[in-house]
Amino acid sequence: MASNKILSKLIKGNTINREYSWLEFNNRVLDQAMDLTNPLLERCKFLSIFKSNLDEFTMVRLGSLENQNITSPEETENKTGLTADEQIEAILSIYPKLYKNADHTYNFLKADLYDKGLSILKAEDLSQKQKTKCLEHFSEYMLPRINPLVLDQKHPMIRFQNLRTYMVLLLERNGRQMFGVITLSPSIERIYRIDGGKKVHLILSEDLLYLFGNLAFPGYTVKEKALIRITRNADFEASMEEADVEYNFDFSKLIKTKIEERTNLSPVRVEINSSCEEIKNYIAKQTGIKKNHIFESKTYFDYKFLFKLAQFFPSAVLPSLQYRPFKPQVDPKLKGVNLLSYVEKKDIFLSYPYDSMDTLITLLEQAGEDKSVTNIKITIYRLMDHSRIANALLRAAEHGKDVTAVMELCARFDEENNLYYANQLRDAGCTVFYGLGDYKVHSKIISITREKDGKVSYITHIGTGNYNEGTSKQYTDLNIITSNREIGEDGVAFFRNLAIMNLEAEYRRLLVAPYSLKKGLIAEIDKEIEKGEDGLIMAKMNSLTDRDMIEKLIQASQAGVRIYLCVRGICCLLPGIKGSTENISVISIVGRFLEHSRIYSFGKGKDERLYIGSADLMTRNINKRVEIAAPVLDKAVHQKIKALLTLILSDTVKGRRLNSDGTYSKIETLSSPIDSQEECLKSNNCYC
């Protein structure tokens, strides 16, 4: 994806720059849009996801580097020694190729859609009859909803909203040149269907604006025009100290202010559909953005409309264009039973999206009504709108249970939703607090305390993903519900320590960041290092960036330990380098579901120690967040997770192997191809 000159900066020894590794991950997402083994409408979605990912990367990661370049310009990242400015330069030099690839992919998909009877038209594709219909639609529906403005001394440059489409026009009137701007209102339906013909003909609102926008400026001559979209920095920090005086020690008030400020942060990117230098120069001057932050897109700034195309196909055709529908399952043994009593005898294992979150919700509902339950405590990072988890907690409070929710207000782009639920829970009488100091609480844990016949017992849920019913159908995540007393006592102690801001507590079973998780995992690696060539490490995570963990894995490799990793996204460790990482193998899986579970396995046979948890091996997770990893103690659950991890590491269909030069390639095999997600759907009887 990058030139050799750029790669020489972004790769150093056995490590690779984090930002480049993420761009490589997103490139693998784009590859799925071209993968003919995926149904057509699903391939369209992958293109949309690719662009949405790039938008968020630009707002957050590029935004973060821009901030660092201002506050700490001399600081270097610990993989390749690059400053923020050097990383920005390298990243921006890759962007034009990304846009070119996206345009090519869209045109490829557009041709396939046309073959299936759906034609997405640009202005130049319209027949005269179609153009007339489009003009009527624009005049009657769009023109009253758009906001034109001529820019001069009395009408200075408007403030471009983040990720909103505008048209900028170079106008002339009475021999005088000036600029005009039209805001494309987000209330305008983006897709317009043009009646007539055997095929379904569609055109997008931005194409209609580009074609007919001049009608908003009668009496002016349009010399040049361009559609533009501006991306603003969305990376903000919110510290406890900021909330101390100005916000009356209320962290939620500070977050509300930060959310409002996000839309007005500095621009970090401009996208434009024209090569007109005069307009580019004007936008660069007015926004204060550098020219190398301006990128041409020949198709569209975002492809979210591709998610809506199913409605234009006959129902009889849709099954061939989409993934086969599935339904998350509830184990028949868990239906209609008292789960609180069940888990006292046997751990419950749930693997999303193949298993339904209904089981966990039912557990909470039963806990809310059970007379023996005294306390329910939960950490919340992201919730679904109209959350059933939140409703179960509210009902538990109504039944007199002592409910405590540790609500993370700094979950990026979910701050408003979390503020809403924090207020709902507090109003219902629940105890709500926002974590520990400046550490994000990313842990996934529920602690239920029961008291029967004078004896106290615990039921604990440990998960790898959020308590979000929506993502539980889209992300692969693991869950254990256990009545193990040691884990239960650790869980209760965990919430108590959060409440008193105690970071350095010791736990018998749980590994908790930022104090014991990292050193606990390193201790497990050290045990394998002592075994040399008999050592074995297998793990699955979203990202691997922490330098200490990378160095420890390199040390293990050099000792002869075999290491098999599945790292979906960022992997800053380069495998296969002789004398260093030659015993390390890394694959990445991008498929129908977002691989999100974290599994860490050390040793083999009876000596194997297996953990699941909320943390990736990223410095931010293990040093700057409150995370939990729990040992898998139930033998049956242990076997299931180990079998799943082995299956994932054997994936040759959606898996891609990381090479020692930082590139990814398809996995060649002479045996039968393995699609781990497909195998899980089949084995769990999920297909409808």
# chains A, B, ... in the order shown; residues from 1 in each chain; ligands from 1
>>> closest_atom_pairs(of="region 197-233 of chain A", to="region 286-299 of chain A", cutoff="12 Å", atoms="only C-alpha atoms", output="tab-separated table")
residue	atom	partner	partner_atom	distance
A:Leu204	CA	A:Thr299	CA	11.1
A:Glu206	CA	A:Thr299	CA	10.7
A:Asp207	CA	A:Thr299	CA	9.9
A:Ala226	CA	A:Glu296	CA	10.4
A:Leu227	CA	A:Ser297	CA	9.7
A:Ile228	CA	A:Glu296	CA	9.2
A:Arg229	CA	A:Ile294	CA	9.9
A:Ile230	CA	A:Ile294	CA	9.2
A:Thr231	CA	A:His293	CA	10.1
A:Arg232	CA	A:Thr287	CA	10.6
A:Asn233	CA	A:Ile289	CA	11.9
>>> residues_around(residues="Ala513 (chain A)", least_positions_apart="6", cutoff="9 Å", atoms="only C-alpha atoms", output="NGL selection string")
:A and (503 or 615 or 621-629)
>>> residues_around(residues="Glu533 (chain A)", least_positions_apart="5", cutoff="9 Å", atoms="only C-alpha atoms", output="PDB file with all heavy atoms, in the first residue's frame")
ATOM      1  N   GLU A 528       6.580 -19.849  30.190  1.00  0.00           N
ATOM      2  CA  GLU A 528       6.785 -20.545  28.913  1.00  0.00           C
ATOM      3  C   GLU A 528       8.228 -20.400  28.436  1.00  0.00           C
ATOM      4  O   GLU A 528       8.776 -21.311  27.813  1.00  0.00           O
ATOM      5  CB  GLU A 528       5.797 -20.025  27.864  1.00  0.00           C
ATOM      6  CG  GLU A 528       4.335 -20.278  28.206  1.00  0.00           C
ATOM      7  CD  GLU A 528       4.074 -21.728  28.556  1.00  0.00           C
ATOM      8  OE1 GLU A 528       4.310 -22.605  27.687  1.00  0.00           O
ATOM      9  OE2 GLU A 528       3.657 -22.008  29.699  1.00  0.00           O
ATOM     10  N   ALA A 559      13.738 -17.782  22.755  1.00  0.00           N
ATOM     11  CA  ALA A 559      13.959 -18.936  23.634  1.00  0.00           C
ATOM     12  C   ALA A 559      13.411 -20.215  23.030  1.00  0.00           C
ATOM     13  O   ALA A 559      13.549 -21.288  23.623  1.00  0.00           O
ATOM     14  CB  ALA A 559      13.309 -18.674  24.991  1.00  0.00           C
ATOM     15  N   GLY A 560      12.775 -20.095  21.865  1.00  0.00           N
ATOM     16  CA  GLY A 560      12.246 -21.274  21.190  1.00  0.00           C
ATOM     17  C   GLY A 560      10.771 -21.519  21.406  1.00  0.00           C
ATOM     18  O   GLY A 560      10.210 -22.509  20.897  1.00  0.00           O
ATOM     19  N   VAL A 561      10.091 -20.651  22.157  1.00  0.00           N
ATOM     20  CA  VAL A 561       8.656 -20.814  22.406  1.00  0.00           C
ATOM     21  C   VAL A 561       7.890 -20.579  21.109  1.00  0.00           C
ATOM     22  O   VAL A 561       8.134 -19.598  20.399  1.00  0.00           O
ATOM     23  CB  VAL A 561       8.170 -19.825  23.494  1.00  0.00           C
ATOM     24  CG1 VAL A 561       6.661 -19.976  23.711  1.00  0.00           C
ATOM     25  CG2 VAL A 561       8.936 -20.030  24.789  1.00  0.00           C
ATOM     26  N   ARG A 562       6.974 -21.487  20.791  1.00  0.00           N
ATOM     27  CA  ARG A 562       6.114 -21.301  19.622  1.00  0.00           C
ATOM     28  C   ARG A 562       4.964 -20.373  20.004  1.00  0.00           C
ATOM     29  O   ARG A 562       4.283 -20.570  21.010  1.00  0.00           O
ATOM     30  CB  ARG A 562       5.561 -22.639  19.142  1.00  0.00           C
ATOM     31  CG  ARG A 562       6.626 -23.625  18.690  1.00  0.00           C
ATOM     32  CD  ARG A 562       7.421 -23.111  17.504  1.00  0.00           C
ATOM     33  NE  ARG A 562       6.569 -22.795  16.365  1.00  0.00           N
ATOM     34  CZ  ARG A 562       7.009 -22.225  15.237  1.00  0.00           C
ATOM     35  NH1 ARG A 562       8.288 -21.891  15.112  1.00  0.00           N
ATOM     36  NH2 ARG A 562       6.183 -21.991  14.248  1.00  0.00           N
TER      37      ARG A 562
END
>>> select_by_dssp(residues="region 378-626 of chain A", states="strand (DSSP E or B)", output="number ranges by chain")
A: 378-380, 402-407, 431-433, 436, 439-441, 445-452, 455-463, 475-482, 511-513, 536-541, 544, 562-567, 571, 573, 584-589, 594-595, 599-602, 609-613, 617, 625-626
>>> residues_around(residues="Lys518 (chain A)", least_positions_apart="4", cutoff="9 Å", atoms="only C-alpha atoms", output="PyMOL selection string")
chain A and resi 511-514+522-523+549+617+622-623
>>> closest_residue(among="A:Asp35, A:Asp534, A:Asp526, A:Asp477", to="Arg598 (chain A)", atoms="only C-alpha atoms")
A:Asp477
>>> closest_residue(among="A:Cys44, A:Ile648, A:Leu594, A:Met142", to="Tyr475 (chain A)", atoms="only C-alpha atoms")
A:Leu594
>>> residues_around(residues="Asn468 (chain A)", least_positions_apart="3", cutoff="10 Å", atoms="only C-alpha atoms", output="NGL selection string")
:A and (357 or 380-385 or 387-390 or 465 or 471-473)
>>> closest_residue(among="A:Leu644, A:Leu309, A:Ile16, A:Ile272", to="Glu42 (chain A)", atoms="only C-alpha atoms")
A:Leu309
>>> residues_around(residues="region 637-639 of chain A", least_positions_apart="6", cutoff="12 Å", atoms="only C-alpha atoms", output="list in words")
Lys346, Asp347, Ile348, Phe349, Leu350, Ser351, Leu478, Asn479, Ile480, Ile481, Thr482, Ile599, Tyr600, Ser601, Lys604, Gly605, Lys606, Glu608, Arg609, Leu610, Tyr611, Ile612, Ala630, Pro631, Leu645 and Thr646 of chain A
>>> closest_residue(among="A:Thr183, A:Thr374, A:Ser8, A:Asn67", to="Leu169 (chain A)", atoms="only C-alpha atoms")
A:Thr183
>>> atom_distance(atom1="CA of His461 (chain A)", atom2="CA of Ser447 (chain A)")
6.6 Å
>>> select_by_dssp(residues="region 314-383 of chain A", states="helix (DSSP H, G or I)", output="MDAnalysis selection string")
chainID A and resid 318:320 332:334 339:345 358:369
>>> write_last_selection(atoms="N, CA and C atoms", output="mmCIF file, in the first residue's frame")
data_model
loop_
_atom_site.group_PDB
_atom_site.id
_atom_site.type_symbol
_atom_site.label_atom_id
_atom_site.label_comp_id
_atom_site.auth_asym_id
_atom_site.auth_seq_id
_atom_site.Cartn_x
_atom_site.Cartn_y
_atom_site.Cartn_z
ATOM 1 N N LEU A 318 -33.140 -11.046 -3.193
ATOM 2 C CA LEU A 318 -32.304 -10.653 -2.053
ATOM 3 C C LEU A 318 -31.478 -11.780 -1.442
ATOM 4 N N PRO A 319 -32.018 -13.004 -1.282
ATOM 5 C CA PRO A 319 -31.204 -14.053 -0.642
ATOM 6 C C PRO A 319 -29.862 -14.303 -1.316
ATOM 7 N N SER A 320 -29.802 -14.103 -2.628
ATOM 8 C CA SER A 320 -28.539 -14.329 -3.341
ATOM 9 C C SER A 320 -27.578 -13.154 -3.199
ATOM 10 N N PRO A 332 -30.925 -24.851 24.833
ATOM 11 C CA PRO A 332 -32.189 -25.406 25.351
ATOM 12 C C PRO A 332 -32.141 -25.693 26.850
ATOM 13 N N LYS A 333 -30.941 -26.037 27.363
ATOM 14 C CA LYS A 333 -30.823 -26.338 28.795
ATOM 15 C C LYS A 333 -31.024 -25.090 29.658
ATOM 16 N N LEU A 334 -30.912 -23.902 29.027
ATOM 17 C CA LEU A 334 -31.022 -22.654 29.786
ATOM 18 C C LEU A 334 -32.386 -21.998 29.638
ATOM 19 N N LEU A 339 -31.709 -19.301 36.259
ATOM 20 C CA LEU A 339 -30.285 -19.254 35.917
ATOM 21 C C LEU A 339 -29.409 -19.046 37.148
ATOM 22 N N LEU A 340 -29.941 -18.373 38.151
ATOM 23 C CA LEU A 340 -29.175 -18.171 39.377
ATOM 24 C C LEU A 340 -28.866 -19.511 40.036
ATOM 25 N N SER A 341 -29.846 -20.408 40.025
ATOM 26 C CA SER A 341 -29.628 -21.739 40.596
ATOM 27 C C SER A 341 -28.750 -22.586 39.687
ATOM 28 N N TYR A 342 -28.948 -22.435 38.379
ATOM 29 C CA TYR A 342 -28.186 -23.236 37.410
ATOM 30 C C TYR A 342 -26.689 -22.960 37.533
ATOM 31 N N VAL A 343 -26.338 -21.669 37.607
ATOM 32 C CA VAL A 343 -24.922 -21.313 37.585
ATOM 33 C C VAL A 343 -24.231 -21.661 38.906
ATOM 34 N N GLU A 344 -24.998 -21.891 39.948
ATOM 35 C CA GLU A 344 -24.386 -22.337 41.202
ATOM 36 C C GLU A 344 -23.773 -23.731 41.060
ATOM 37 N N LYS A 345 -24.275 -24.487 40.080
ATOM 38 C CA LYS A 345 -23.789 -25.848 39.865
ATOM 39 C C LYS A 345 -22.812 -25.950 38.698
ATOM 40 N N ASP A 358 -29.688 -12.858 25.209
ATOM 41 C CA ASP A 358 -30.910 -13.025 26.004
ATOM 42 C C ASP A 358 -30.635 -13.751 27.312
ATOM 43 N N THR A 359 -29.695 -14.696 27.287
ATOM 44 C CA THR A 359 -29.383 -15.449 28.508
ATOM 45 C C THR A 359 -28.874 -14.527 29.610
ATOM 46 N N LEU A 360 -27.961 -13.616 29.255
ATOM 47 C CA LEU A 360 -27.421 -12.685 30.246
ATOM 48 C C LEU A 360 -28.503 -11.720 30.727
ATOM 49 N N ILE A 361 -29.334 -11.250 29.810
ATOM 50 C CA ILE A 361 -30.414 -10.334 30.192
ATOM 51 C C ILE A 361 -31.404 -11.035 31.122
ATOM 52 N N THR A 362 -31.724 -12.283 30.805
ATOM 53 C CA THR A 362 -32.622 -13.059 31.666
ATOM 54 C C THR A 362 -32.030 -13.220 33.061
ATOM 55 N N LEU A 363 -30.717 -13.468 33.119
ATOM 56 C CA LEU A 363 -30.042 -13.580 34.415
ATOM 57 C C LEU A 363 -30.228 -12.302 35.230
ATOM 58 N N LEU A 364 -30.045 -11.146 34.595
ATOM 59 C CA LEU A 364 -30.213 -9.877 35.299
ATOM 60 C C LEU A 364 -31.662 -9.677 35.728
ATOM 61 N N GLU A 365 -32.587 -10.035 34.848
ATOM 62 C CA GLU A 365 -34.001 -9.892 35.191
ATOM 63 C C GLU A 365 -34.376 -10.785 36.374
ATOM 64 N N GLN A 366 -33.888 -12.013 36.359
ATOM 65 C CA GLN A 366 -34.170 -12.916 37.470
ATOM 66 C C GLN A 366 -33.510 -12.433 38.752
ATOM 67 N N ALA A 367 -32.310 -11.884 38.617
ATOM 68 C CA ALA A 367 -31.615 -11.355 39.793
ATOM 69 C C ALA A 367 -32.386 -10.186 40.394
ATOM 70 N N GLY A 368 -32.997 -9.376 39.529
ATOM 71 C CA GLY A 368 -33.766 -8.227 40.006
ATOM 72 C C GLY A 368 -35.000 -8.624 40.787
ATOM 73 N N GLU A 369 -35.511 -9.809 40.526
ATOM 74 C CA GLU A 369 -36.734 -10.268 41.188
ATOM 75 C C GLU A 369 -36.470 -11.270 42.309
#
>>> closest_residue(among="A:Thr449, A:Asn391, A:Asn14, A:Asn685", to="Ile554 (chain A)", atoms="only C-alpha atoms")
A:Asn14
>>> closest_residue(among="A:Asp427, A:Glu416, A:Glu679, A:Glu86", to="Glu19 (chain A)", atoms="only C-alpha atoms")
A:Glu86
>>> decode(residues="region 588-621 of chain A", atoms="N, CA, C and O atoms", output="mmCIF file, in the first residue's frame")
data_model
loop_
_atom_site.group_PDB
_atom_site.id
_atom_site.type_symbol
_atom_site.label_atom_id
_atom_site.label_comp_id
_atom_site.auth_asym_id
_atom_site.auth_seq_id
_atom_site.Cartn_x
_atom_site.Cartn_y
_atom_site.Cartn_z
ATOM 1 N N SER A 588 -4.625 -12.338 10.721
ATOM 2 C CA SER A 588 -5.719 -11.403 10.974
ATOM 3 C C SER A 588 -6.958 -11.944 10.279
ATOM 4 O O SER A 588 -6.862 -12.469 9.165
ATOM 5 N N ILE A 589 -8.108 -11.834 10.928
ATOM 6 C CA ILE A 589 -9.360 -12.289 10.315
ATOM 7 C C ILE A 589 -10.304 -11.103 10.172
ATOM 8 O O ILE A 589 -10.622 -10.419 11.148
ATOM 9 N N VAL A 590 -10.731 -10.846 8.939
ATOM 10 C CA VAL A 590 -11.784 -9.870 8.656
ATOM 11 C C VAL A 590 -12.879 -10.626 7.926
ATOM 12 O O VAL A 590 -12.656 -11.139 6.829
ATOM 13 N N GLY A 591 -14.031 -10.722 8.550
ATOM 14 C CA GLY A 591 -15.107 -11.511 7.972
ATOM 15 C C GLY A 591 -16.466 -10.904 8.209
ATOM 16 O O GLY A 591 -16.601 -9.689 8.422
ATOM 17 N N ARG A 592 -17.473 -11.746 8.182
ATOM 18 C CA ARG A 592 -18.855 -11.301 8.352
ATOM 19 C C ARG A 592 -19.049 -10.570 9.678
ATOM 20 O O ARG A 592 -19.743 -9.562 9.758
ATOM 21 N N PHE A 593 -18.434 -11.094 10.735
ATOM 22 C CA PHE A 593 -18.545 -10.495 12.056
ATOM 23 C C PHE A 593 -17.216 -9.846 12.439
ATOM 24 O O PHE A 593 -16.148 -10.283 12.001
ATOM 25 N N LEU A 594 -17.300 -8.811 13.259
ATOM 26 C CA LEU A 594 -16.087 -8.149 13.743
ATOM 27 C C LEU A 594 -15.474 -8.991 14.849
ATOM 28 O O LEU A 594 -16.089 -9.188 15.900
ATOM 29 N N GLU A 595 -14.268 -9.494 14.615
ATOM 30 C CA GLU A 595 -13.582 -10.289 15.628
ATOM 31 C C GLU A 595 -13.185 -9.379 16.791
ATOM 32 O O GLU A 595 -12.384 -8.467 16.632
ATOM 33 N N HIS A 596 -13.741 -9.650 17.969
ATOM 34 C CA HIS A 596 -13.591 -8.719 19.088
ATOM 35 C C HIS A 596 -13.143 -9.385 20.385
ATOM 36 O O HIS A 596 -12.733 -8.707 21.325
ATOM 37 N N SER A 597 -13.202 -10.708 20.461
ATOM 38 C CA SER A 597 -12.867 -11.395 21.708
ATOM 39 C C SER A 597 -11.362 -11.387 21.955
ATOM 40 O O SER A 597 -10.559 -11.336 21.024
ATOM 41 N N ARG A 598 -11.013 -11.413 23.252
ATOM 42 C CA ARG A 598 -9.603 -11.495 23.649
ATOM 43 C C ARG A 598 -9.398 -12.782 24.436
ATOM 44 O O ARG A 598 -10.069 -13.017 25.449
ATOM 45 N N ILE A 599 -8.473 -13.603 23.951
ATOM 46 C CA ILE A 599 -8.175 -14.890 24.575
ATOM 47 C C ILE A 599 -6.663 -15.006 24.724
ATOM 48 O O ILE A 599 -5.919 -14.725 23.776
ATOM 49 N N TYR A 600 -6.210 -15.427 25.882
ATOM 50 C CA TYR A 600 -4.775 -15.598 26.119
ATOM 51 C C TYR A 600 -4.537 -16.988 26.692
ATOM 52 O O TYR A 600 -5.065 -17.335 27.755
ATOM 53 N N SER A 601 -3.737 -17.796 25.979
ATOM 54 C CA SER A 601 -3.471 -19.178 26.384
ATOM 55 C C SER A 601 -1.967 -19.387 26.541
ATOM 56 O O SER A 601 -1.179 -19.011 25.665
ATOM 57 N N PHE A 602 -1.589 -20.011 27.656
ATOM 58 C CA PHE A 602 -0.180 -20.274 27.942
ATOM 59 C C PHE A 602 -0.014 -21.746 28.312
ATOM 60 O O PHE A 602 -0.732 -22.265 29.166
ATOM 61 N N GLY A 603 0.934 -22.419 27.662
ATOM 62 C CA GLY A 603 1.184 -23.819 27.957
ATOM 63 C C GLY A 603 0.266 -24.740 27.182
ATOM 64 O O GLY A 603 -0.564 -24.309 26.379
ATOM 65 N N LYS A 604 0.436 -26.043 27.429
ATOM 66 C CA LYS A 604 -0.380 -27.024 26.725
ATOM 67 C C LYS A 604 -0.721 -28.181 27.651
ATOM 68 O O LYS A 604 -0.099 -28.369 28.703
ATOM 69 N N GLY A 605 -1.724 -28.937 27.231
ATOM 70 C CA GLY A 605 -2.148 -30.076 28.032
ATOM 71 C C GLY A 605 -2.684 -29.646 29.383
ATOM 72 O O GLY A 605 -3.358 -28.611 29.522
ATOM 73 N N LYS A 606 -2.374 -30.422 30.407
ATOM 74 C CA LYS A 606 -2.862 -30.137 31.755
ATOM 75 C C LYS A 606 -2.250 -28.863 32.332
ATOM 76 O O LYS A 606 -2.774 -28.284 33.290
ATOM 77 N N ASP A 607 -1.159 -28.418 31.737
ATOM 78 C CA ASP A 607 -0.464 -27.228 32.242
ATOM 79 C C ASP A 607 -1.013 -25.930 31.644
ATOM 80 O O ASP A 607 -0.582 -24.851 32.011
ATOM 81 N N GLU A 608 -1.965 -26.024 30.736
ATOM 82 C CA GLU A 608 -2.445 -24.820 30.036
ATOM 83 C C GLU A 608 -3.217 -23.904 30.980
ATOM 84 O O GLU A 608 -4.086 -24.338 31.731
ATOM 85 N N ARG A 609 -2.886 -22.589 30.907
ATOM 86 C CA ARG A 609 -3.621 -21.562 31.636
ATOM 87 C C ARG A 609 -4.290 -20.667 30.603
ATOM 88 O O ARG A 609 -3.636 -20.151 29.705
ATOM 89 N N LEU A 610 -5.596 -20.512 30.753
ATOM 90 C CA LEU A 610 -6.394 -19.823 29.742
ATOM 91 C C LEU A 610 -7.123 -18.653 30.387
ATOM 92 O O LEU A 610 -7.715 -18.788 31.463
ATOM 93 N N TYR A 611 -7.088 -17.483 29.713
ATOM 94 C CA TYR A 611 -7.752 -16.279 30.215
ATOM 95 C C TYR A 611 -8.613 -15.674 29.107
ATOM 96 O O TYR A 611 -8.272 -15.742 27.925
ATOM 97 N N ILE A 612 -9.716 -15.050 29.499
ATOM 98 C CA ILE A 612 -10.433 -14.155 28.593
ATOM 99 C C ILE A 612 -10.510 -12.798 29.286
ATOM 100 O O ILE A 612 -10.429 -12.711 30.523
ATOM 101 N N GLY A 613 -10.648 -11.736 28.504
ATOM 102 C CA GLY A 613 -10.685 -10.428 29.140
ATOM 103 C C GLY A 613 -11.099 -9.314 28.212
ATOM 104 O O GLY A 613 -11.390 -9.519 27.033
ATOM 105 N N SER A 614 -11.096 -8.118 28.768
ATOM 106 C CA SER A 614 -11.548 -6.928 28.038
ATOM 107 C C SER A 614 -10.415 -6.191 27.352
ATOM 108 O O SER A 614 -10.659 -5.276 26.570
ATOM 109 N N ALA A 615 -9.164 -6.574 27.641
ATOM 110 C CA ALA A 615 -8.019 -5.759 27.221
ATOM 111 C C ALA A 615 -7.275 -6.332 26.026
ATOM 112 O O ALA A 615 -7.003 -7.532 25.967
ATOM 113 N N ASP A 616 -6.939 -5.461 25.097
ATOM 114 C CA ASP A 616 -5.941 -5.768 24.083
ATOM 115 C C ASP A 616 -4.561 -5.451 24.653
ATOM 116 O O ASP A 616 -4.441 -4.761 25.673
ATOM 117 N N LEU A 617 -3.530 -5.936 23.978
ATOM 118 C CA LEU A 617 -2.164 -5.666 24.443
ATOM 119 C C LEU A 617 -1.686 -4.337 23.860
ATOM 120 O O LEU A 617 -0.727 -4.255 23.100
ATOM 121 N N MET A 618 -2.404 -3.289 24.244
ATOM 122 C CA MET A 618 -2.065 -1.924 23.857
ATOM 123 C C MET A 618 -1.673 -1.165 25.124
ATOM 124 O O MET A 618 -2.245 -1.394 26.197
ATOM 125 N N THR A 619 -0.749 -0.242 24.989
ATOM 126 C CA THR A 619 -0.305 0.524 26.145
ATOM 127 C C THR A 619 -1.473 1.239 26.802
ATOM 128 O O THR A 619 -1.585 1.287 28.029
ATOM 129 N N ARG A 620 -2.379 1.778 26.001
ATOM 130 C CA ARG A 620 -3.517 2.506 26.572
ATOM 131 C C ARG A 620 -4.399 1.576 27.407
ATOM 132 O O ARG A 620 -4.992 1.993 28.386
ATOM 133 N N ASN A 621 -4.499 0.308 26.996
ATOM 134 C CA ASN A 621 -5.362 -0.638 27.712
ATOM 135 C C ASN A 621 -4.744 -1.132 29.009
ATOM 136 O O ASN A 621 -5.413 -1.185 30.041
#
